[in-house]
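Everything on this sheet refers to the single structure shown next.
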Amino acid sequence: MRQLIAGNWKMFGLTAEAVAIATPLLEAGALTRDLLVCPPATQIALVSRLLAGSPVAVGGQDCHTETHGAHTGDISAPMLRDAGASYVILGHSERRQNHGETDSLVRAKTLAAVAAGLTPIVCVGESAEERQAGWETAVVGKQLNGSLPDDFAGIVAYEPVWAIGTGRTATEGDVAAMHLFIRQALVRRFGPAGEAMPILYGGSVRPSNAASLLAVPHVGGALVGGASLKASDFLDIARA
Ligand code: PEP
C-alpha cells in the first residue's frame with residue numbers, strides 16, 4: 001500500500017503563507033507516496049481550490065461531533081467536507097492537552113467524520129513521563145480502545161507527545177516496537193481489516209530522518225508538523 005505523508009499546519013497559515021506552501025506541491029511530479037495537507041480551517045477552501053485536480057488531498061485538524069447547531073466557534077465534519085476536505089486529524093495530543101479531549105470525545109468525532117465521508121486520522125501517543133514509567137503500550141492501548149469506534153475504517157497516527165515539535169525523534173526501535181503493538185491491537189479488534197489500516201508515525205519527522213523512519217515495518221507514512229510548513233522540506237520527506 002502507498003504510504004501517506006500528511007502535513008499538519010496547526011495554527012499557521014495566513015493567506016499568503018498558505019498559497020506559498022500549497023502552490024509548489026502542484027509541481028511535485030510523480031511521487032511514490034500520497035500527499036495530504038491539513039491547513040487551519042480558514043484556509044481549507046482556498047487550499048482545496050488551489051490543489052483541485054492535483055493528487056494532493058486536503059484535510060481538517062479537528063471537527064465537532066454534531067453536524068450543525070448552536071456550537072459557537074466549532075466546525076462540523078460536513079462543513080470540512082463542503083470546504084473541500086477529505087480527511088480530518090482527530091485526537092491530536094495538542095487537542096487532548098489544551099482542550100481536554102477524552103478518548104470518548106475523539107471516538108464520537110471519529111464517527112461524525114466517517115458519517116460525513118471524511119477519512120479520520122486518529123492520533124495516539126504517550127507522554128515523556130508515561131514512557132519513563134514504562135507505561136507507553138498501556139497508554140496507547142487504552143487510547144486505541146477508547147478512541148476508535150467498533151466499525152473503524154481510517155488511519156491511526158502514533159505520535160509520542162515528547163517527540164512532537166521538540167526535535168527529539170523516537171528511535172527506529174521505539175517506532176518498530178510501538179507500530180507492531182498497534183498493528184496487533186488493530187488485528188485483534190478489527191480482524192483482517194486491521195492488517196491494512198495505515199499507521200502513521202509523527203514526531204519531528206524531517207527530510208534528514210524520514211527515509212529511516214518510513215522504512216520501519218508497519219509504518220504507513222508520516223504525520224508532519226513543523227516541516228510541512230516549508231513545501232521543499234515536505235516534498236523532500238515525500239521523496240525520502
Ligand atoms: C504534529 O503536530 O503532529 C507533529 C508531528 O509535529 P512535528 O512534526 O513538528 O513534531
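Lettering and numbering for the C-alpha cells are positional, with chains as A, B, ... in the shown order, residues counted from 1 in each chain, and ligands counted from 1 in the shown order.
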Exercise for review: Please provide the set of residues having any atom within 10 Å of Ser212 of chain A, restricted to only C-alpha atoms, with same-chain residues fewer than 4 positions apart removed, written as a PyMOL selection string.
Suggested key: chain A and resi 171-172+208+216+240
Report as a tab-separated table: every residue of segment 83-179 of chain A with an atom at most 8 Å from segment 27-45 of chain A, its closest pair of atoms, and their distance in Å to one decimal, counting only C-alpha atoms, with rows sorted by chain and ascending residue number.
residue	atom	partner	partner_atom	distance
A:Ala83	CA	A:Ala45	CA	4.7
A:Gly84	CA	A:Ala45	CA	5.9
A:Ala85	CA	A:Ile44	CA	6.9
A:Val88	CA	A:Cys38	CA	7.7
A:Ile89	CA	A:Cys38	CA	7.9
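Considering only C-alpha atoms and all ligand atoms, the residue among A:Val47, A:Val106, A:Ala113, A:Ala163 positioned nearest to ligand 1 is A:Ala163.
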Practice item. Using only C-alpha atoms and all ligand atoms, find each protein or nucleic acid residue lying at most 6 Å from ligand 1; present the set as a list in words. Key: Asn8, Ala163, Ile164, Gly165, Gly202, Gly203, Ser204, Val205, Leu223, Val224, Gly225 and Gly226 of chain A
Write out the residues from the selection above, keeping all heavy atoms, as a PDB file, in the first residue's frame.
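Full text of again06.pdb as output:
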ATOM      1  N   ASN A   8       0.465  18.607   8.960  1.00  0.00           N
ATOM      2  CA  ASN A   8      -0.412  19.272   9.922  1.00  0.00           C
ATOM      3  C   ASN A   8       0.126  20.687  10.118  1.00  0.00           C
ATOM      4  O   ASN A   8       1.140  20.874  10.791  1.00  0.00           O
ATOM      5  CB  ASN A   8      -0.396  18.484  11.243  1.00  0.00           C
ATOM      6  CG  ASN A   8      -1.121  19.213  12.355  1.00  0.00           C
ATOM      7  OD1 ASN A   8      -1.877  20.158  12.102  1.00  0.00           O
ATOM      8  ND2 ASN A   8      -0.895  18.779  13.587  1.00  0.00           N
ATOM      9  N   ALA A 163       7.945  13.764  21.337  1.00  0.00           N
ATOM     10  CA  ALA A 163       8.666  13.939  20.060  1.00  0.00           C
ATOM     11  C   ALA A 163       8.014  15.000  19.185  1.00  0.00           C
ATOM     12  O   ALA A 163       8.541  15.335  18.130  1.00  0.00           O
ATOM     13  CB  ALA A 163       8.715  12.606  19.311  1.00  0.00           C
ATOM     14  N   ILE A 164       6.870  15.536  19.627  1.00  0.00           N
ATOM     15  CA  ILE A 164       6.138  16.498  18.778  1.00  0.00           C
ATOM     16  C   ILE A 164       6.699  17.898  18.976  1.00  0.00           C
ATOM     17  O   ILE A 164       6.678  18.432  20.087  1.00  0.00           O
ATOM     18  CB  ILE A 164       4.625  16.477  19.094  1.00  0.00           C
ATOM     19  CG1 ILE A 164       4.056  15.113  18.746  1.00  0.00           C
ATOM     20  CG2 ILE A 164       3.908  17.571  18.324  1.00  0.00           C
ATOM     21  CD1 ILE A 164       2.582  14.979  19.044  1.00  0.00           C
ATOM     22  N   GLY A 165       7.237  18.442  17.896  1.00  0.00           N
ATOM     23  CA  GLY A 165       7.720  19.819  17.916  1.00  0.00           C
ATOM     24  C   GLY A 165       8.945  20.025  18.786  1.00  0.00           C
ATOM     25  O   GLY A 165       9.301  21.156  19.112  1.00  0.00           O
ATOM     26  N   GLY A 202       4.369  10.109  13.731  1.00  0.00           N
ATOM     27  CA  GLY A 202       4.540  11.559  13.792  1.00  0.00           C
ATOM     28  C   GLY A 202       5.370  11.952  14.987  1.00  0.00           C
ATOM     29  O   GLY A 202       5.267  11.356  16.071  1.00  0.00           O
ATOM     30  N   GLY A 203       6.206  12.968  14.800  1.00  0.00           N
ATOM     31  CA  GLY A 203       7.055  13.465  15.885  1.00  0.00           C
ATOM     32  C   GLY A 203       8.402  13.852  15.323  1.00  0.00           C
ATOM     33  O   GLY A 203       9.264  12.990  15.145  1.00  0.00           O
ATOM     34  N   SER A 204       8.542  15.148  14.992  1.00  0.00           N
ATOM     35  CA  SER A 204       9.820  15.679  14.494  1.00  0.00           C
ATOM     36  C   SER A 204      10.350  14.927  13.268  1.00  0.00           C
ATOM     37  O   SER A 204      11.556  14.677  13.164  1.00  0.00           O
ATOM     38  CB  SER A 204      10.856  15.712  15.613  1.00  0.00           C
ATOM     39  OG  SER A 204      10.419  16.587  16.654  1.00  0.00           O
ATOM     40  N   VAL A 205       9.454  14.560  12.365  1.00  0.00           N
ATOM     41  CA  VAL A 205       9.906  13.981  11.089  1.00  0.00           C
ATOM     42  C   VAL A 205      10.469  15.122  10.243  1.00  0.00           C
ATOM     43  O   VAL A 205       9.863  16.187  10.115  1.00  0.00           O
ATOM     44  CB  VAL A 205       8.755  13.267  10.342  1.00  0.00           C
ATOM     45  CG1 VAL A 205       9.232  12.759   8.987  1.00  0.00           C
ATOM     46  CG2 VAL A 205       8.210  12.112  11.185  1.00  0.00           C
ATOM     47  N   LEU A 223       3.014  11.740   9.822  1.00  0.00           N
ATOM     48  CA  LEU A 223       2.247  12.954  10.120  1.00  0.00           C
ATOM     49  C   LEU A 223       3.291  13.995  10.511  1.00  0.00           C
ATOM     50  O   LEU A 223       4.044  13.802  11.473  1.00  0.00           O
ATOM     51  CB  LEU A 223       1.248  12.689  11.243  1.00  0.00           C
ATOM     52  CG  LEU A 223       0.333  13.856  11.650  1.00  0.00           C
ATOM     53  CD1 LEU A 223      -0.382  14.468  10.458  1.00  0.00           C
ATOM     54  CD2 LEU A 223      -0.717  13.373  12.659  1.00  0.00           C
ATOM     55  N   VAL A 224       3.348  15.057   9.724  1.00  0.00           N
ATOM     56  CA  VAL A 224       4.457  16.009   9.808  1.00  0.00           C
ATOM     57  C   VAL A 224       3.917  17.366  10.233  1.00  0.00           C
ATOM     58  O   VAL A 224       3.029  17.913   9.567  1.00  0.00           O
ATOM     59  CB  VAL A 224       5.144  16.142   8.428  1.00  0.00           C
ATOM     60  CG1 VAL A 224       6.362  17.054   8.529  1.00  0.00           C
ATOM     61  CG2 VAL A 224       5.523  14.772   7.863  1.00  0.00           C
ATOM     62  N   GLY A 225       4.448  17.921  11.304  1.00  0.00           N
ATOM     63  CA  GLY A 225       4.032  19.257  11.741  1.00  0.00           C
ATOM     64  C   GLY A 225       4.942  20.315  11.144  1.00  0.00           C
ATOM     65  O   GLY A 225       4.778  20.740  10.008  1.00  0.00           O
ATOM     66  N   GLY A 226       5.953  20.727  11.924  1.00  0.00           N
ATOM     67  CA  GLY A 226       6.821  21.843  11.544  1.00  0.00           C
ATOM     68  C   GLY A 226       7.350  21.776  10.120  1.00  0.00           C
ATOM     69  O   GLY A 226       7.307  22.774   9.387  1.00  0.00           O
TER      70      GLY A 226
END
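Nearest-residue note for Val156 of chain A: choosing from A:Trp135, A:Tyr201, A:Phe12, A:Phe234, the minimum distance belongs to A:Tyr201, counting only C-alpha atoms.
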Practice item. Can you list, as an NGL selection string, all residues belonging to segment 42-112 of chain A that DSSP tags as strand (DSSP E)? Key: :A and (57-60 or 87-90)
Practice item. Fewer than 3 positions away in the same chain doesn't count, so skip those; otherwise give me all residues within 9 Å of Ile21 of chain A, counting only C-alpha atoms, as a PyMOL selection string. Key: chain A and resi 13+16-18+24-25+228-232
Could the residues in this selection be saved with N, CA, C and O atoms as a PDB file, in the first residue's frame?
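Heads up, here's the output in again-v4.pdb:
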ATOM      1  N   GLY A  13      -0.637  29.792   8.932  1.00  0.00           N
ATOM      2  CA  GLY A  13      -1.098  29.885   7.557  1.00  0.00           C
ATOM      3  C   GLY A  13      -2.046  31.030   7.304  1.00  0.00           C
ATOM      4  O   GLY A  13      -3.253  30.824   7.123  1.00  0.00           O
ATOM      5  N   ALA A  16      -1.314  34.422   2.383  1.00  0.00           N
ATOM      6  CA  ALA A  16      -0.107  34.417   1.537  1.00  0.00           C
ATOM      7  C   ALA A  16       0.762  33.199   1.861  1.00  0.00           C
ATOM      8  O   ALA A  16       1.359  32.587   0.965  1.00  0.00           O
ATOM      9  N   GLU A  17       0.816  32.838   3.161  1.00  0.00           N
ATOM     10  CA  GLU A  17       1.632  31.678   3.552  1.00  0.00           C
ATOM     11  C   GLU A  17       1.011  30.385   3.014  1.00  0.00           C
ATOM     12  O   GLU A  17       1.715  29.493   2.525  1.00  0.00           O
ATOM     13  N   ALA A  18      -0.304  30.293   3.106  1.00  0.00           N
ATOM     14  CA  ALA A  18      -0.986  29.080   2.633  1.00  0.00           C
ATOM     15  C   ALA A  18      -0.744  28.893   1.131  1.00  0.00           C
ATOM     16  O   ALA A  18      -0.452  27.778   0.669  1.00  0.00           O
ATOM     17  N   PRO A  24       3.767  25.120  -4.586  1.00  0.00           N
ATOM     18  CA  PRO A  24       4.828  24.241  -5.097  1.00  0.00           C
ATOM     19  C   PRO A  24       4.428  22.759  -5.127  1.00  0.00           C
ATOM     20  O   PRO A  24       5.028  21.970  -5.871  1.00  0.00           O
ATOM     21  N   LEU A  25       3.422  22.387  -4.332  1.00  0.00           N
ATOM     22  CA  LEU A  25       3.008  20.972  -4.323  1.00  0.00           C
ATOM     23  C   LEU A  25       2.405  20.576  -5.668  1.00  0.00           C
ATOM     24  O   LEU A  25       2.398  19.397  -6.036  1.00  0.00           O
ATOM     25  N   SER A 228       6.164  20.534   7.589  1.00  0.00           N
ATOM     26  CA  SER A 228       5.177  20.613   6.491  1.00  0.00           C
ATOM     27  C   SER A 228       4.898  22.062   6.104  1.00  0.00           C
ATOM     28  O   SER A 228       4.188  22.321   5.138  1.00  0.00           O
ATOM     29  N   LEU A 229       5.468  23.008   6.868  1.00  0.00           N
ATOM     30  CA  LEU A 229       5.207  24.424   6.586  1.00  0.00           C
ATOM     31  C   LEU A 229       6.147  24.960   5.511  1.00  0.00           C
ATOM     32  O   LEU A 229       6.005  26.098   5.070  1.00  0.00           O
ATOM     33  N   LYS A 230       7.107  24.154   5.099  1.00  0.00           N
ATOM     34  CA  LYS A 230       8.015  24.551   4.022  1.00  0.00           C
ATOM     35  C   LYS A 230       7.841  23.511   2.924  1.00  0.00           C
ATOM     36  O   LYS A 230       8.161  22.328   3.140  1.00  0.00           O
ATOM     37  N   ALA A 231       7.326  23.937   1.767  1.00  0.00           N
ATOM     38  CA  ALA A 231       6.985  22.965   0.719  1.00  0.00           C
ATOM     39  C   ALA A 231       8.189  22.108   0.340  1.00  0.00           C
ATOM     40  O   ALA A 231       8.047  20.904   0.135  1.00  0.00           O
ATOM     41  N   SER A 232       9.385  22.709   0.285  1.00  0.00           N
ATOM     42  CA  SER A 232      10.547  21.915  -0.161  1.00  0.00           C
ATOM     43  C   SER A 232      10.864  20.815   0.854  1.00  0.00           C
ATOM     44  O   SER A 232      11.190  19.682   0.473  1.00  0.00           O
TER      45      SER A 232
END
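Nearest residue to Thr102 of chain A among A:Ser147, A:Ala128, A:Arg239, A:Ala70 is A:Ser147, counting only C-alpha atoms.
With only C-alpha atoms taken into account, the protein and nucleic acid residues at most 12 Å from Val114 of chain A (excluding it and anything under 6 positions from it in its own chain) are A:Cys63, A:Thr65, A:Thr67, A:Ser76, A:Ala77, A:Pro78, A:Leu80, A:Arg81, A:Ser86, A:Tyr87, A:Val88, A:Ile89, A:Leu90, A:Arg107, A:Ala108, A:Pro120, A:Ile121, A:Val122, A:Leu148, A:Pro149, A:Asp151, A:Phe152, A:Ala153, A:Gly154, A:Ile155.
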Take the residues that were just selected and, keeping N, CA, C and O atoms, output them as a compact mmCIF listing (two decimals), in the first residue's frame.
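Full text of out.txt as output:
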# COMPACT_ATOMS: atom_id res chain seq x y z
N CYS A 63 -12.86 18.27 14.24
CA CYS A 63 -14.26 18.58 13.89
C CYS A 63 -15.13 18.37 15.12
O CYS A 63 -14.70 17.75 16.10
N THR A 65 -18.67 16.92 17.04
CA THR A 65 -19.39 15.65 16.95
C THR A 65 -20.73 15.80 16.23
O THR A 65 -21.27 14.83 15.70
N THR A 67 -23.48 17.64 13.40
CA THR A 67 -23.41 18.13 12.02
C THR A 67 -23.63 19.64 11.93
O THR A 67 -23.15 20.30 11.02
N SER A 76 -18.13 21.64 11.87
CA SER A 76 -18.59 20.25 11.78
C SER A 76 -17.88 19.52 10.64
O SER A 76 -17.31 20.14 9.73
N ALA A 77 -18.00 18.20 10.70
CA ALA A 77 -17.40 17.37 9.65
C ALA A 77 -18.02 17.67 8.28
O ALA A 77 -17.28 17.80 7.29
N PRO A 78 -19.35 17.81 8.16
CA PRO A 78 -19.89 18.16 6.83
C PRO A 78 -19.38 19.52 6.33
O PRO A 78 -19.23 19.72 5.12
N LEU A 80 -16.34 20.71 6.89
CA LEU A 80 -15.00 20.44 6.34
C LEU A 80 -15.11 19.83 4.95
O LEU A 80 -14.40 20.21 4.02
N ARG A 81 -16.03 18.89 4.83
CA ARG A 81 -16.24 18.20 3.53
C ARG A 81 -16.67 19.23 2.48
O ARG A 81 -16.17 19.24 1.36
N SER A 86 -11.08 15.98 2.59
CA SER A 86 -11.47 14.57 2.51
C SER A 86 -10.93 13.78 3.71
O SER A 86 -11.25 12.60 3.86
N TYR A 87 -10.11 14.40 4.52
CA TYR A 87 -9.55 13.77 5.73
C TYR A 87 -9.77 14.72 6.91
O TYR A 87 -9.97 15.92 6.74
N VAL A 88 -9.63 14.19 8.12
CA VAL A 88 -9.57 15.05 9.30
C VAL A 88 -8.69 14.39 10.38
O VAL A 88 -8.80 13.19 10.61
N ILE A 89 -7.80 15.19 10.96
CA ILE A 89 -6.98 14.73 12.08
C ILE A 89 -7.85 14.84 13.34
O ILE A 89 -8.49 15.87 13.56
N LEU A 90 -7.87 13.80 14.16
CA LEU A 90 -8.67 13.82 15.39
C LEU A 90 -7.83 13.35 16.57
O LEU A 90 -6.97 12.46 16.42
N ARG A 107 -13.69 9.47 19.96
CA ARG A 107 -14.47 8.41 19.32
C ARG A 107 -15.72 9.00 18.65
O ARG A 107 -16.06 8.67 17.51
N ALA A 108 -16.41 9.88 19.37
CA ALA A 108 -17.63 10.49 18.81
C ALA A 108 -17.29 11.35 17.58
O ALA A 108 -18.03 11.37 16.59
N PRO A 120 -10.88 9.62 8.86
CA PRO A 120 -10.29 10.12 10.10
C PRO A 120 -8.85 9.64 10.28
O PRO A 120 -8.53 8.50 9.95
N ILE A 121 -8.02 10.52 10.81
CA ILE A 121 -6.65 10.15 11.22
C ILE A 121 -6.64 10.33 12.74
O ILE A 121 -6.62 11.45 13.25
N VAL A 122 -6.72 9.23 13.46
CA VAL A 122 -6.86 9.29 14.92
C VAL A 122 -5.48 9.17 15.56
O VAL A 122 -4.76 8.20 15.35
N LEU A 148 -11.22 4.58 19.09
CA LEU A 148 -11.66 4.01 17.81
C LEU A 148 -13.02 3.36 17.97
O LEU A 148 -13.20 2.51 18.84
N PRO A 149 -13.99 3.72 17.14
CA PRO A 149 -15.29 3.04 17.20
C PRO A 149 -15.19 1.61 16.68
O PRO A 149 -14.21 1.25 16.01
N ASP A 151 -16.63 -0.02 14.32
CA ASP A 151 -16.53 -0.26 12.86
C ASP A 151 -15.52 0.69 12.22
O ASP A 151 -15.70 1.14 11.10
N PHE A 152 -14.45 0.98 12.96
CA PHE A 152 -13.47 1.96 12.49
C PHE A 152 -12.90 1.57 11.12
O PHE A 152 -12.49 0.44 10.90
N ALA A 153 -12.89 2.55 10.23
CA ALA A 153 -12.20 2.39 8.94
C ALA A 153 -11.49 3.71 8.72
O ALA A 153 -12.10 4.69 8.29
N GLY A 154 -10.23 3.76 9.06
CA GLY A 154 -9.50 5.01 8.92
C GLY A 154 -8.03 4.77 9.17
O GLY A 154 -7.51 3.67 8.95
N ILE A 155 -7.37 5.81 9.66
CA ILE A 155 -5.92 5.81 9.81
C ILE A 155 -5.60 6.10 11.27
O ILE A 155 -6.29 6.90 11.90
